[in-house]
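Presented below is the structure to which this report refers.
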Amino acid sequence: MAQNDPNWGGKRPNDGPPDLDEIFRKLNQRLSRLLGNRGPGEELPAGNGGGESPRGMRFGAAGVLAALAGLWLLSGFYIVDAREQGVVLRMGSFNRTTDSGLQWRAPYPFETVEIVNLTEVRSIEVGYRGSAKNRINEESLMLTEDQNIIDVQLSVQYDVKDARDFLFNNLATEADARDVVKQATETAIREVVGRNKVDFVLNEGRAQIAADTQRIIQAILDRYKLGVRVAKVNINGVQPPEPVLAAFDDAVKAGQDKEKLRNDGVAYANDVVPKARGMAARLLEEAEGYRQNVVATAEGDAARFNSVLSEYAKAPKVMRDRLYFDMMQQVMSNTTKVLVDQKGGNNLLYLPLDKLIQQSGAAAPSLPSGSTAQPAEAPPVVAPVAPSSSGSTSRDVTRGRN
């Protein structure tokens with residue numbers, strides 16, 4: 001029956017909706033003729049004018065089967081991206097892994113392929129969901145070494161390093177092994193926090209805690225052969241529980257004040273101690289210089305005395321007179337007094353020369369004009385009397401008055 005037959009679509013004479021049962025019945029009859037089967041009550045037409053020959057129908061069926069077989073074989077081609085890796089399963093078991101590019105596998109149901117993204121960064125959150133306000137106390141509260149409860153929130157980023165282990169050793173109930181990684185993270189962070197004190201965890205130990213936690217998580221996942229690599233562990237928040245948060249804040253402030261006062265004391269000590277050390281060194285250097293000066297002066301005096309002593313031994317009288325004159329010259333050059341010899345019987349006292357010069361200099365401006373100032377006659381200088389041989393010089397000389 002041709003497709004343009006008005007009754008082919010199963011339409012009724014009154015152009016109503018098509019009869020589906022009639023359509024399927026006619027389709028089954030046509031397929032039976034195509035495959036060389038006769039329906040009940042049907043006879044093969046005689047000659048070629050009444051229908052297709054059995055040979056033509058067999059060739060048509062073979063062509064249809066070949067086309068279907070070609071489509072079935074073409075279904076084995078697949079493409080693996082550069083960031084992915086293909087895992088080929090043969091009858092449900094692992095067979096091989098394939099790299100990026102156009103690949104082929106035996107069509108279903110003999111082989112199937114699973115594509116795993118190796119570079120996709122997956123993440124989990126422990127202690128919170130979404131933001132720090134959505135805290136989950138069952139995961140975040142943990143105990144430190146010094147028996148203090150602390151609230152820790154962290155996130156873990158990981159990717160796949162072995163596609164075969166990730167598919168076959170991952171018995172997780174959640175996608176991407178999230179539940180296994182989450183349990184390993186809780187185990188690791190509680191172990192690390194339990195080995196440290198609360199001050200270390202709250203203040204300076206966050207980086208160390210994150211590094212230790214990442215190392216322990218990776219060791220656990222490698223022991224499970226999960227095929228997962230931990231990329232980074234982020235400590236998002238570390239704080240005491242809310243009921244004791246105010247007390248911890250006060251303790252932290254007290255510790256900061258203590259550190260500030262200690263730094264102030266250290267700064268003051270660094271300012272005072274170098275100055276004191278410098279002053280002590282200066283005093284020591286001055287004392288050493290004074291000592292060397294005194295010693296050198298004493299040694300010089302001793303050497304000069306020894307040299308004078310040797311000369312004195314050669315001519316005692318001459319050396320004694322010379323020493324006396326030298327001493328009197330030094331004394332008279334530094335004094336304003338006049339010495340008078342009492343043995344000469346002269347009781348006249350002479351004013352010092354410097355006083356007479358000052359008086360003459362002061363009286364010079366008061367002279368009338370045209371008069372010639374006569375310089376005051378300098379008093380005679382009384383030379384010191386040489387000591388007699390009896391050595392009674394100290395009794396013959398007295399000090400005069402101004």
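By convention in this document, the chains of the structure tokens carry letters A, B, ... by their order, each chain's residues are numbered from 1, and ligands are numbered from 1 in the order they are shown.
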
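Residue neighbourhood of range 99-111 of chain A, excluding near-sequence residues (fewer than 6 positions): Trp72, Leu73, Ser75, Gly76, Phe77, Tyr78, Ile79, Val80, Asp81, Ala82, Glu84, Gln85, Gly86, Val88, Leu89, Arg90 and Met91 of chain A, at 7 Å, using only C-alpha atoms.
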
Could you save those same residues with C-alpha atoms as a tab-separated table (two decimals), in the first residue's frame?
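Saved result, out.tsv, follows:
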```tsv
chain	number	residue	atom	x	y	z
A	72	TRP	CA	26.99	1.19	16.58
A	73	LEU	CA	30.73	1.21	15.86
A	75	SER	CA	29.26	5.33	18.92
A	76	GLY	CA	32.60	4.16	20.35
A	77	PHE	CA	34.36	7.42	19.49
A	78	TYR	CA	34.67	10.01	22.25
A	79	ILE	CA	36.72	13.16	22.96
A	80	VAL	CA	38.79	13.81	26.09
A	81	ASP	CA	39.57	17.41	26.97
A	82	ALA	CA	43.10	18.54	27.91
A	84	GLU	CA	40.39	15.58	31.70
A	85	GLN	CA	41.31	11.93	31.67
A	86	GLY	CA	39.22	9.02	30.40
A	88	VAL	CA	37.69	2.85	30.04
A	89	LEU	CA	35.65	0.11	31.70
A	90	ARG	CA	35.34	-3.27	29.96
A	91	MET	CA	32.28	-5.15	31.11
```

Enumerate the residues of range 116-323 of chain A with a DSSP assignment of alpha helix (DSSP H), computed from the backbone, and present them as a ChimeraX atom specification. /A:137-140,163-168,178-194,198-202,206-224,245-314,316-323

Excluding Arg178 in chain A and residues on its chain fewer than 5 positions from it, collect all residues at most 10 Å away from it, counting only C-alpha atoms, and give them as a VMD selection string. chain A and resid 122 to 125 158 170 172 to 173 183 to 184

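Here the question is which of A:Ala210, A:Val64, A:Ala280, A:Ile115 gets nearest to Val192 in chain A using only C-alpha atoms, and that residue is A:Ala210.
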
Among range 108-298 of chain A, which ones does DSSP place in strand (DSSP E or B), written as a ChimeraX atom specification? /A:111-117,122-126,128-129,131-135,141-143,149-160,228-239
